[in-house]
Amino acid sequence: MGENAKGAGVFLELRKRLQSGLLVLWRDVAKSYAEVRVTGGDSSLHIRTPRGLLIVELPAGVSLVEGSCREAPERGDEIHFRMRLNVDQHTDDTGALGSVMERLQVRESYSFHCQSCGTRVLEERVFKRVLPLPNCNWSSLVDDWCCHPDPFANLKLLPRAEDCLMGDTHLLVPLDRGCEETLTQELSPITNKMAEGQNQDTPKPNRRRTLVSCKSCTAGLGEVVAPGTLKLYITEVTVRPSVGDSQFDTSPDRSLFLELTIAARLVELSSSQSVFRFSIQASDGKAFILLWLLNSDSLIASFSATPSSTVRGDAVTSPGHHQCSEHQSPTEAGSAVKVLYLPCSLSASTHQDVVDTWEKDIGVHPLELPLTTCQELLSVLTASTSCLPPSLHSMNSYQCNKRNGHLFGSSPVCIPDCNHLSMTAAGSKVHT
């Protein structure tokens with residue numbers, strides 16, 4: 001188990017749609033069920049333990065059904081309780097602001113900034129058209145649409161002047177002369193590596209890409225996909241309105257920004273396209289993480305058992321968790337997205353059959369990210385998993401991840417060898 005998990009003392013997950021909740025306490029917080037009492041307050045949940053009173057503030061319209069807290073089977077060094085909730089039918093389940101894809105508007109002025117250093121990399125842009133690109137698998141389905149040869153073969157969908165085209169994880173915008181002062185372009189190195197699963201007779205075609213990075217901090221931002229067309233990943237840039245930025249994320253914290261951005265896109269894609277399984281891929285098309293979105297209606301909070309622990313109610317992956325004590329200040333339950341994930345590392349050869357199955361399944365939605373961002377995302381998921389109770393860490397071979405307003409998970413699903421479960425933050429605001 002992770003270091004954070006060892007220090008955590010109380011973990012709470014509430015499901016608004018299921019109107020139920022799970023409370024987990026470590027043995028160093030309470031030795032038996034009789035030592036714990038859970039009651040509801042005014043928009044709050046009160047957890048009385050031998051270490052003191054813990055108060056969790058709940059969103060408006062969510063409350064405990066008095067007397068519904070019941071003992072659940074013990075798991076190792078954990079005591080589990082189940083409870084029922086009253087949830088107002090008008091309670092907003094989608095409190096998150098959403099990704100930049102949901103907020104870009106035509107005829108509004110925006111500036112693009114490097115997320116790493118904050119430098120403005122694109123001057124003010126006013127788009128006459130903001131259009132979504134088709135599904136990344138659209139070209140493979142053309143044969144089902146047309147009775148004649150593919151009319152789109154070898155054609156790219158590119159923006160015109162004053163256009164912004166939105167992919168699943170990137171934006172396509174026209175290059176201008178101002179980019180020369182803020183962006184650096186360089187060709188990617190030539191590699192002779194073959195795609196996994198291919199032999200020497202079927203080498204993977206080599207393609208050198210024109211990579212684009214911030215001139216101030218050298219952070220990679222995207223690439224030039226065609227003359228005059230710039231591809232920017234939404235995980236590497238922030239887009240802010242020229243006047244007022246109240247609705248746009250300006251958080252300098254890289255991990256939190258990445259977590260919020262990916263969680264928002266997972267929720268948006270699952271809602272608009274009814275897809276729940278994703279293959280996080282690097283630019284070479286190779287799967288890096290398999291990810292299954294379980295739910296986005298969770299509220300979570302956690303308290304540490306020792307002052308040195310780092311667990312808090314608003315983001316399980318962030319430092320500054322609350323300490324169990326007699327003078328505990330209220331903690332606000334934060335929204336979370338729950339996912340199962342499976343790293344596709346070369347060393348995980350035992351899961352290759354799962355990777356192969358997902359790659360052939362048209363129900364799995366690929367999401368392309370820079371390789372370094374894939375690595376960062378895996379670190380974020382791993383950190384989130386380590387903050388969960390050990391009993392919620394994995395299911396089969398997939399890990400569970402929980403993040404407030406971001407990523408997290410723990411429900412059983414029929415996936416062979418699923419080992420990691422994670423919760424990620426996805427709330428409308430970040431609580432400090």
# chains A, B, ... in the order shown; residues from 1 in each chain; ligands from 1
call {"tool": "residues_around", "arguments": {"residues": "Ser43 (chain A)", "least_positions_apart": "2", "cutoff": "10 Å", "atoms": "only C-alpha atoms", "output": "list in words"}}
result
Gly40, Gly41, Leu45, Val56, Glu57, Leu58, Pro59, Ala60, Gly61, Val62, Ser63 and Leu64 of chain A
call {"tool": "write_last_selection", "arguments": {"atoms": "N, CA and C atoms", "output": "PDB file, in the first residue's frame"}}
result
ATOM      1  N   GLY A  40     -26.382  12.703  10.858  1.00  0.00           N
ATOM      2  CA  GLY A  40     -26.483  13.786   9.894  1.00  0.00           C
ATOM      3  C   GLY A  40     -26.727  15.113  10.584  1.00  0.00           C
ATOM      4  N   GLY A  41     -26.162  16.166  10.011  1.00  0.00           N
ATOM      5  CA  GLY A  41     -26.389  17.503  10.518  1.00  0.00           C
ATOM      6  C   GLY A  41     -26.980  18.374   9.434  1.00  0.00           C
ATOM      7  N   LEU A  45     -22.237  15.796   7.563  1.00  0.00           N
ATOM      8  CA  LEU A  45     -22.195  14.444   8.096  1.00  0.00           C
ATOM      9  C   LEU A  45     -21.238  14.455   9.279  1.00  0.00           C
ATOM     10  N   VAL A  56     -18.067  16.489   7.879  1.00  0.00           N
ATOM     11  CA  VAL A  56     -17.944  16.590   6.433  1.00  0.00           C
ATOM     12  C   VAL A  56     -19.096  17.442   5.910  1.00  0.00           C
ATOM     13  N   GLU A  57     -18.778  18.557   5.290  1.00  0.00           N
ATOM     14  CA  GLU A  57     -19.816  19.413   4.709  1.00  0.00           C
ATOM     15  C   GLU A  57     -20.281  18.823   3.381  1.00  0.00           C
ATOM     16  N   LEU A  58     -21.591  18.749   3.188  1.00  0.00           N
ATOM     17  CA  LEU A  58     -22.175  18.160   1.994  1.00  0.00           C
ATOM     18  C   LEU A  58     -22.774  19.237   1.104  1.00  0.00           C
ATOM     19  N   PRO A  59     -22.862  18.988  -0.192  1.00  0.00           N
ATOM     20  CA  PRO A  59     -23.501  19.952  -1.094  1.00  0.00           C
ATOM     21  C   PRO A  59     -24.971  20.120  -0.751  1.00  0.00           C
ATOM     22  N   ALA A  60     -25.524  21.238  -1.143  1.00  0.00           N
ATOM     23  CA  ALA A  60     -26.947  21.478  -0.924  1.00  0.00           C
ATOM     24  C   ALA A  60     -27.765  20.375  -1.587  1.00  0.00           C
ATOM     25  N   GLY A  61     -28.754  19.886  -0.895  1.00  0.00           N
ATOM     26  CA  GLY A  61     -29.620  18.846  -1.436  1.00  0.00           C
ATOM     27  C   GLY A  61     -29.174  17.432  -1.146  1.00  0.00           C
ATOM     28  N   VAL A  62     -28.036  17.260  -0.449  1.00  0.00           N
ATOM     29  CA  VAL A  62     -27.539  15.934  -0.096  1.00  0.00           C
ATOM     30  C   VAL A  62     -27.485  15.820   1.423  1.00  0.00           C
ATOM     31  N   SER A  63     -28.116  14.777   1.973  1.00  0.00           N
ATOM     32  CA  SER A  63     -28.129  14.584   3.423  1.00  0.00           C
ATOM     33  C   SER A  63     -28.208  13.103   3.755  1.00  0.00           C
ATOM     34  N   LEU A  64     -27.847  12.755   4.980  1.00  0.00           N
ATOM     35  CA  LEU A  64     -27.890  11.374   5.439  1.00  0.00           C
ATOM     36  C   LEU A  64     -29.304  10.993   5.862  1.00  0.00           C
TER      37      LEU A  64
END
call {"tool": "select_by_dssp", "arguments": {"residues": "region 43-79 of chain A", "states": "strand (DSSP E)", "output": "compact mmCIF listing (two decimals) with N, CA, C and O atoms, in the first residue's frame"}}
result
# COMPACT_ATOMS: atom_id res chain seq x y z
N SER A 44 -24.49 18.42 6.48
CA SER A 44 -23.20 17.88 6.91
C SER A 44 -23.38 16.46 7.41
O SER A 44 -24.49 15.99 7.67
N LEU A 45 -22.24 15.80 7.56
CA LEU A 45 -22.19 14.44 8.10
C LEU A 45 -21.24 14.45 9.28
O LEU A 45 -20.11 14.94 9.18
N HIS A 46 -21.68 13.93 10.43
CA HIS A 46 -20.87 13.93 11.64
C HIS A 46 -20.41 12.50 11.94
O HIS A 46 -21.23 11.58 12.04
N ILE A 47 -19.10 12.32 12.05
CA ILE A 47 -18.51 11.01 12.32
C ILE A 47 -17.79 11.08 13.67
O ILE A 47 -16.76 11.74 13.79
N ARG A 48 -18.34 10.42 14.65
CA ARG A 48 -17.76 10.44 15.99
C ARG A 48 -16.91 9.18 16.18
O ARG A 48 -17.39 8.07 16.04
N THR A 49 -15.62 9.37 16.46
CA THR A 49 -14.68 8.28 16.71
C THR A 49 -13.97 8.54 18.03
O THR A 49 -14.07 9.64 18.58
N GLY A 52 -12.11 11.80 18.12
CA GLY A 52 -12.81 13.07 18.08
C GLY A 52 -13.95 13.08 17.08
O GLY A 52 -14.33 12.04 16.52
N LEU A 53 -14.49 14.26 16.84
CA LEU A 53 -15.61 14.45 15.92
C LEU A 53 -15.10 14.95 14.58
O LEU A 53 -14.40 15.96 14.50
N LEU A 54 -15.46 14.24 13.51
CA LEU A 54 -15.12 14.65 12.15
C LEU A 54 -16.38 15.14 11.46
O LEU A 54 -17.42 14.47 11.50
N ILE A 55 -16.30 16.30 10.84
CA ILE A 55 -17.47 16.90 10.19
C ILE A 55 -17.18 17.05 8.70
O ILE A 55 -16.17 17.64 8.31
N VAL A 56 -18.07 16.49 7.88
CA VAL A 56 -17.94 16.59 6.43
C VAL A 56 -19.10 17.44 5.91
O VAL A 56 -20.26 17.09 6.10
N GLU A 57 -18.78 18.56 5.29
CA GLU A 57 -19.82 19.41 4.71
C GLU A 57 -20.28 18.82 3.38
O GLU A 57 -19.47 18.45 2.54
N VAL A 62 -28.04 17.26 -0.45
CA VAL A 62 -27.54 15.93 -0.10
C VAL A 62 -27.49 15.82 1.42
O VAL A 62 -26.90 16.66 2.10
N SER A 63 -28.12 14.78 1.97
CA SER A 63 -28.13 14.58 3.42
C SER A 63 -28.21 13.10 3.76
O SER A 63 -28.59 12.27 2.91
N LEU A 64 -27.85 12.75 4.98
CA LEU A 64 -27.89 11.37 5.44
C LEU A 64 -29.30 10.99 5.86
O LEU A 64 -30.01 11.78 6.49
N ARG A 70 -25.11 1.38 8.57
CA ARG A 70 -25.05 -0.02 9.01
C ARG A 70 -23.65 -0.59 8.82
O ARG A 70 -22.90 -0.17 7.94
N GLU A 71 -23.33 -1.56 9.66
CA GLU A 71 -22.04 -2.22 9.56
C GLU A 71 -21.97 -3.03 8.26
O GLU A 71 -22.95 -3.63 7.84
N ALA A 72 -20.79 -3.03 7.64
CA ALA A 72 -20.52 -3.85 6.47
C ALA A 72 -19.38 -4.80 6.82
O ALA A 72 -18.66 -4.58 7.80
N PRO A 73 -19.20 -5.86 6.06
CA PRO A 73 -18.12 -6.81 6.38
C PRO A 73 -16.76 -6.13 6.48
O PRO A 73 -16.42 -5.26 5.67
N GLU A 74 -15.99 -6.54 7.48
CA GLU A 74 -14.65 -5.98 7.67
C GLU A 74 -13.72 -6.47 6.57
O GLU A 74 -13.90 -7.55 6.01
N ARG A 75 -12.69 -5.65 6.28
CA ARG A 75 -11.68 -6.04 5.30
C ARG A 75 -10.31 -5.74 5.87
O ARG A 75 -9.88 -4.59 5.91
N GLU A 78 -9.48 -2.68 8.19
CA GLU A 78 -10.46 -1.62 7.93
C GLU A 78 -11.83 -2.00 8.48
O GLU A 78 -12.24 -3.16 8.46
N ILE A 79 -12.55 -0.99 8.94
CA ILE A 79 -13.94 -1.13 9.36
C ILE A 79 -14.79 -0.40 8.33
O ILE A 79 -14.54 0.77 8.03
call {"tool": "residues_around", "arguments": {"residues": "Arg27 (chain A)", "least_positions_apart": "6", "cutoff": "12 Å", "atoms": "only C-alpha atoms", "output": "NGL selection string"}}
result
:A and (6-10 or 33 or 35-36 or 49-51 or 74-80 or 305 or 389)
call {"tool": "write_last_selection", "arguments": {"atoms": "N, CA, C and O atoms", "output": "PDB file, in the first residue's frame"}}
result
ATOM      1  N   LYS A   6      -1.261   4.414   4.273  1.00  0.00           N
ATOM      2  CA  LYS A   6      -0.945   3.977   5.618  1.00  0.00           C
ATOM      3  C   LYS A   6      -1.293   5.047   6.641  1.00  0.00           C
ATOM      4  O   LYS A   6      -1.675   4.754   7.760  1.00  0.00           O
ATOM      5  N   GLY A   7      -1.130   6.342   6.248  1.00  0.00           N
ATOM      6  CA  GLY A   7      -1.369   7.407   7.201  1.00  0.00           C
ATOM      7  C   GLY A   7      -2.812   7.833   7.287  1.00  0.00           C
ATOM      8  O   GLY A   7      -3.218   8.442   8.260  1.00  0.00           O
ATOM      9  N   ALA A   8      -3.597   7.523   6.255  1.00  0.00           N
ATOM     10  CA  ALA A   8      -4.980   7.957   6.253  1.00  0.00           C
ATOM     11  C   ALA A   8      -5.764   7.222   7.320  1.00  0.00           C
ATOM     12  O   ALA A   8      -5.467   6.081   7.658  1.00  0.00           O
ATOM     13  N   GLY A   9      -6.779   7.867   7.889  1.00  0.00           N
ATOM     14  CA  GLY A   9      -7.547   7.250   8.956  1.00  0.00           C
ATOM     15  C   GLY A   9      -8.995   7.028   8.627  1.00  0.00           C
ATOM     16  O   GLY A   9      -9.590   6.035   9.041  1.00  0.00           O
ATOM     17  N   VAL A  10      -9.599   7.956   7.871  1.00  0.00           N
ATOM     18  CA  VAL A  10     -11.026   7.875   7.543  1.00  0.00           C
ATOM     19  C   VAL A  10     -11.197   8.228   6.070  1.00  0.00           C
ATOM     20  O   VAL A  10     -10.632   9.206   5.583  1.00  0.00           O
ATOM     21  N   TYR A  33     -16.839  -1.485  15.579  1.00  0.00           N
ATOM     22  CA  TYR A  33     -17.986  -0.726  15.096  1.00  0.00           C
ATOM     23  C   TYR A  33     -18.638   0.074  16.220  1.00  0.00           C
ATOM     24  O   TYR A  33     -19.150   1.175  16.000  1.00  0.00           O
ATOM     25  N   GLU A  35     -17.427   1.749  18.490  1.00  0.00           N
ATOM     26  CA  GLU A  35     -16.749   3.003  18.814  1.00  0.00           C
ATOM     27  C   GLU A  35     -17.052   4.124  17.822  1.00  0.00           C
ATOM     28  O   GLU A  35     -16.567   5.238  17.978  1.00  0.00           O
ATOM     29  N   VAL A  36     -17.863   3.831  16.804  1.00  0.00           N
ATOM     30  CA  VAL A  36     -18.135   4.805  15.745  1.00  0.00           C
ATOM     31  C   VAL A  36     -19.619   5.135  15.715  1.00  0.00           C
ATOM     32  O   VAL A  36     -20.470   4.242  15.804  1.00  0.00           O
ATOM     33  N   THR A  49     -15.616   9.369  16.463  1.00  0.00           N
ATOM     34  CA  THR A  49     -14.681   8.276  16.711  1.00  0.00           C
ATOM     35  C   THR A  49     -13.967   8.536  18.034  1.00  0.00           C
ATOM     36  O   THR A  49     -14.066   9.637  18.584  1.00  0.00           O
ATOM     37  N   PRO A  50     -13.228   7.560  18.563  1.00  0.00           N
ATOM     38  CA  PRO A  50     -12.457   7.800  19.788  1.00  0.00           C
ATOM     39  C   PRO A  50     -11.468   8.951  19.664  1.00  0.00           C
ATOM     40  O   PRO A  50     -11.061   9.545  20.668  1.00  0.00           O
ATOM     41  N   ARG A  51     -11.097   9.314  18.447  1.00  0.00           N
ATOM     42  CA  ARG A  51     -10.150  10.404  18.242  1.00  0.00           C
ATOM     43  C   ARG A  51     -10.824  11.769  18.177  1.00  0.00           C
ATOM     44  O   ARG A  51     -10.147  12.785  18.127  1.00  0.00           O
ATOM     45  N   GLU A  74     -15.993  -6.536   7.485  1.00  0.00           N
ATOM     46  CA  GLU A  74     -14.654  -5.981   7.671  1.00  0.00           C
ATOM     47  C   GLU A  74     -13.724  -6.473   6.572  1.00  0.00           C
ATOM     48  O   GLU A  74     -13.902  -7.549   6.015  1.00  0.00           O
ATOM     49  N   ARG A  75     -12.694  -5.654   6.282  1.00  0.00           N
ATOM     50  CA  ARG A  75     -11.684  -6.038   5.304  1.00  0.00           C
ATOM     51  C   ARG A  75     -10.309  -5.738   5.874  1.00  0.00           C
ATOM     52  O   ARG A  75      -9.877  -4.589   5.909  1.00  0.00           O
ATOM     53  N   GLY A  76      -9.642  -6.753   6.340  1.00  0.00           N
ATOM     54  CA  GLY A  76      -8.308  -6.570   6.891  1.00  0.00           C
ATOM     55  C   GLY A  76      -8.315  -5.636   8.086  1.00  0.00           C
ATOM     56  O   GLY A  76      -9.047  -5.851   9.061  1.00  0.00           O
ATOM     57  N   ASP A  77      -7.529  -4.585   8.001  1.00  0.00           N
ATOM     58  CA  ASP A  77      -7.422  -3.607   9.082  1.00  0.00           C
ATOM     59  C   ASP A  77      -8.401  -2.462   8.911  1.00  0.00           C
ATOM     60  O   ASP A  77      -8.196  -1.368   9.450  1.00  0.00           O
ATOM     61  N   GLU A  78      -9.484  -2.684   8.190  1.00  0.00           N
ATOM     62  CA  GLU A  78     -10.457  -1.625   7.926  1.00  0.00           C
ATOM     63  C   GLU A  78     -11.834  -1.999   8.484  1.00  0.00           C
ATOM     64  O   GLU A  78     -12.235  -3.160   8.463  1.00  0.00           O
ATOM     65  N   ILE A  79     -12.546  -0.990   8.944  1.00  0.00           N
ATOM     66  CA  ILE A  79     -13.939  -1.133   9.359  1.00  0.00           C
ATOM     67  C   ILE A  79     -14.794  -0.404   8.326  1.00  0.00           C
ATOM     68  O   ILE A  79     -14.541   0.769   8.028  1.00  0.00           O
ATOM     69  N   HIS A  80     -15.796  -1.074   7.786  1.00  0.00           N
ATOM     70  CA  HIS A  80     -16.626  -0.502   6.726  1.00  0.00           C
ATOM     71  C   HIS A  80     -18.060  -0.284   7.213  1.00  0.00           C
ATOM     72  O   HIS A  80     -18.622  -1.117   7.935  1.00  0.00           O
ATOM     73  N   ALA A 305      -4.785  10.055   9.964  1.00  0.00           N
ATOM     74  CA  ALA A 305      -4.724   9.621  11.353  1.00  0.00           C
ATOM     75  C   ALA A 305      -3.540  10.230  12.084  1.00  0.00           C
ATOM     76  O   ALA A 305      -3.482  10.244  13.301  1.00  0.00           O
ATOM     77  N   PRO A 389      -8.205   3.528   0.556  1.00  0.00           N
ATOM     78  CA  PRO A 389      -8.064   2.376   1.463  1.00  0.00           C
ATOM     79  C   PRO A 389      -7.525   1.182   0.678  1.00  0.00           C
ATOM     80  O   PRO A 389      -7.886   0.987  -0.487  1.00  0.00           O
TER      81      PRO A 389
END
call {"tool": "atom_distance", "arguments": {"atom1": "CA of Leu155 (chain A)", "atom2": "CA of Arg277 (chain A)"}}
result
28.1 Å
call {"tool": "atom_distance", "arguments": {"atom1": "CA of Ala287 (chain A)", "atom2": "CA of Thr357 (chain A)"}}
result
11.7 Å
call {"tool": "closest_residue", "arguments": {"among": "A:Val24, A:Glu236, A:Arg17, A:Leu269", "to": "Ser302 (chain A)", "atoms": "only C-alpha atoms"}}
result
A:Val24
call {"tool": "closest_residue", "arguments": {"among": "A:Pro370, A:Pro149, A:Gly220, A:Pro330", "to": "Val121 (chain A)", "atoms": "only C-alpha atoms"}}
result
A:Gly220
call {"tool": "atom_distance", "arguments": {"atom1": "CA of Pro241 (chain A)", "atom2": "CA of Pro174 (chain A)"}}
result
18.0 Å
call {"tool": "residues_around", "arguments": {"residues": "region 292-299 of chain A", "least_positions_apart": "2", "cutoff": "7 Å", "atoms": "only C-alpha atoms", "output": "ChimeraX atom specification"}}
result
/A:13-17,93,276-278,290,333-341,409
call {"tool": "decode", "arguments": {"residues": "region 63-92 of chain A", "atoms": "C-alpha atoms", "output": "JSON list (two decimals), in the first residue's frame"}}
result
[["chain", "number", "residue", "atom", "x", "y", "z"],
["A", 63, "SER", "CA", -28.13, 14.58, 3.42],
["A", 64, "LEU", "CA", -27.89, 11.37, 5.44],
["A", 65, "VAL", "CA", -30.96, 9.22, 6.02],
["A", 66, "GLU", "CA", -30.91, 9.12, 9.82],
["A", 67, "GLY", "CA", -30.42, 5.66, 11.24],
["A", 68, "SER", "CA", -29.38, 4.18, 7.88],
["A", 69, "CYS", "CA", -25.69, 3.72, 8.72],
["A", 70, "ARG", "CA", -25.05, -0.02, 9.01],
["A", 71, "GLU", "CA", -22.04, -2.22, 9.56],
["A", 72, "ALA", "CA", -20.52, -3.85, 6.47],
["A", 73, "PRO", "CA", -18.12, -6.81, 6.38],
["A", 74, "GLU", "CA", -14.65, -5.98, 7.67],
["A", 75, "ARG", "CA", -11.68, -6.04, 5.30],
["A", 76, "GLY", "CA", -8.31, -6.57, 6.89],
["A", 77, "ASP", "CA", -7.42, -3.61, 9.08],
["A", 78, "GLU", "CA", -10.46, -1.62, 7.93],
["A", 79, "ILE", "CA", -13.94, -1.13, 9.36],
["A", 80, "HIS", "CA", -16.63, -0.50, 6.73],
["A", 81, "PHE", "CA", -20.04, 1.15, 7.04],
["A", 82, "ARG", "CA", -22.80, 1.51, 4.45],
["A", 83, "MET", "CA", -25.38, 4.30, 4.54],
["A", 84, "ARG", "CA", -28.27, 5.75, 2.55],
["A", 85, "LEU", "CA", -28.63, 9.34, 1.38],
["A", 86, "ASN", "CA", -31.39, 11.76, 0.61],
["A", 87, "VAL", "CA", -30.53, 13.51, -2.65],
["A", 88, "ASP", "CA", -32.68, 16.31, -4.03],
["A", 89, "GLN", "CA", -33.64, 15.44, -7.60],
["A", 90, "HIS", "CA", -32.63, 18.94, -8.68],
["A", 91, "THR", "CA", -29.10, 18.56, -7.29],
["A", 92, "ASP", "CA", -26.54, 19.31, -10.00]]
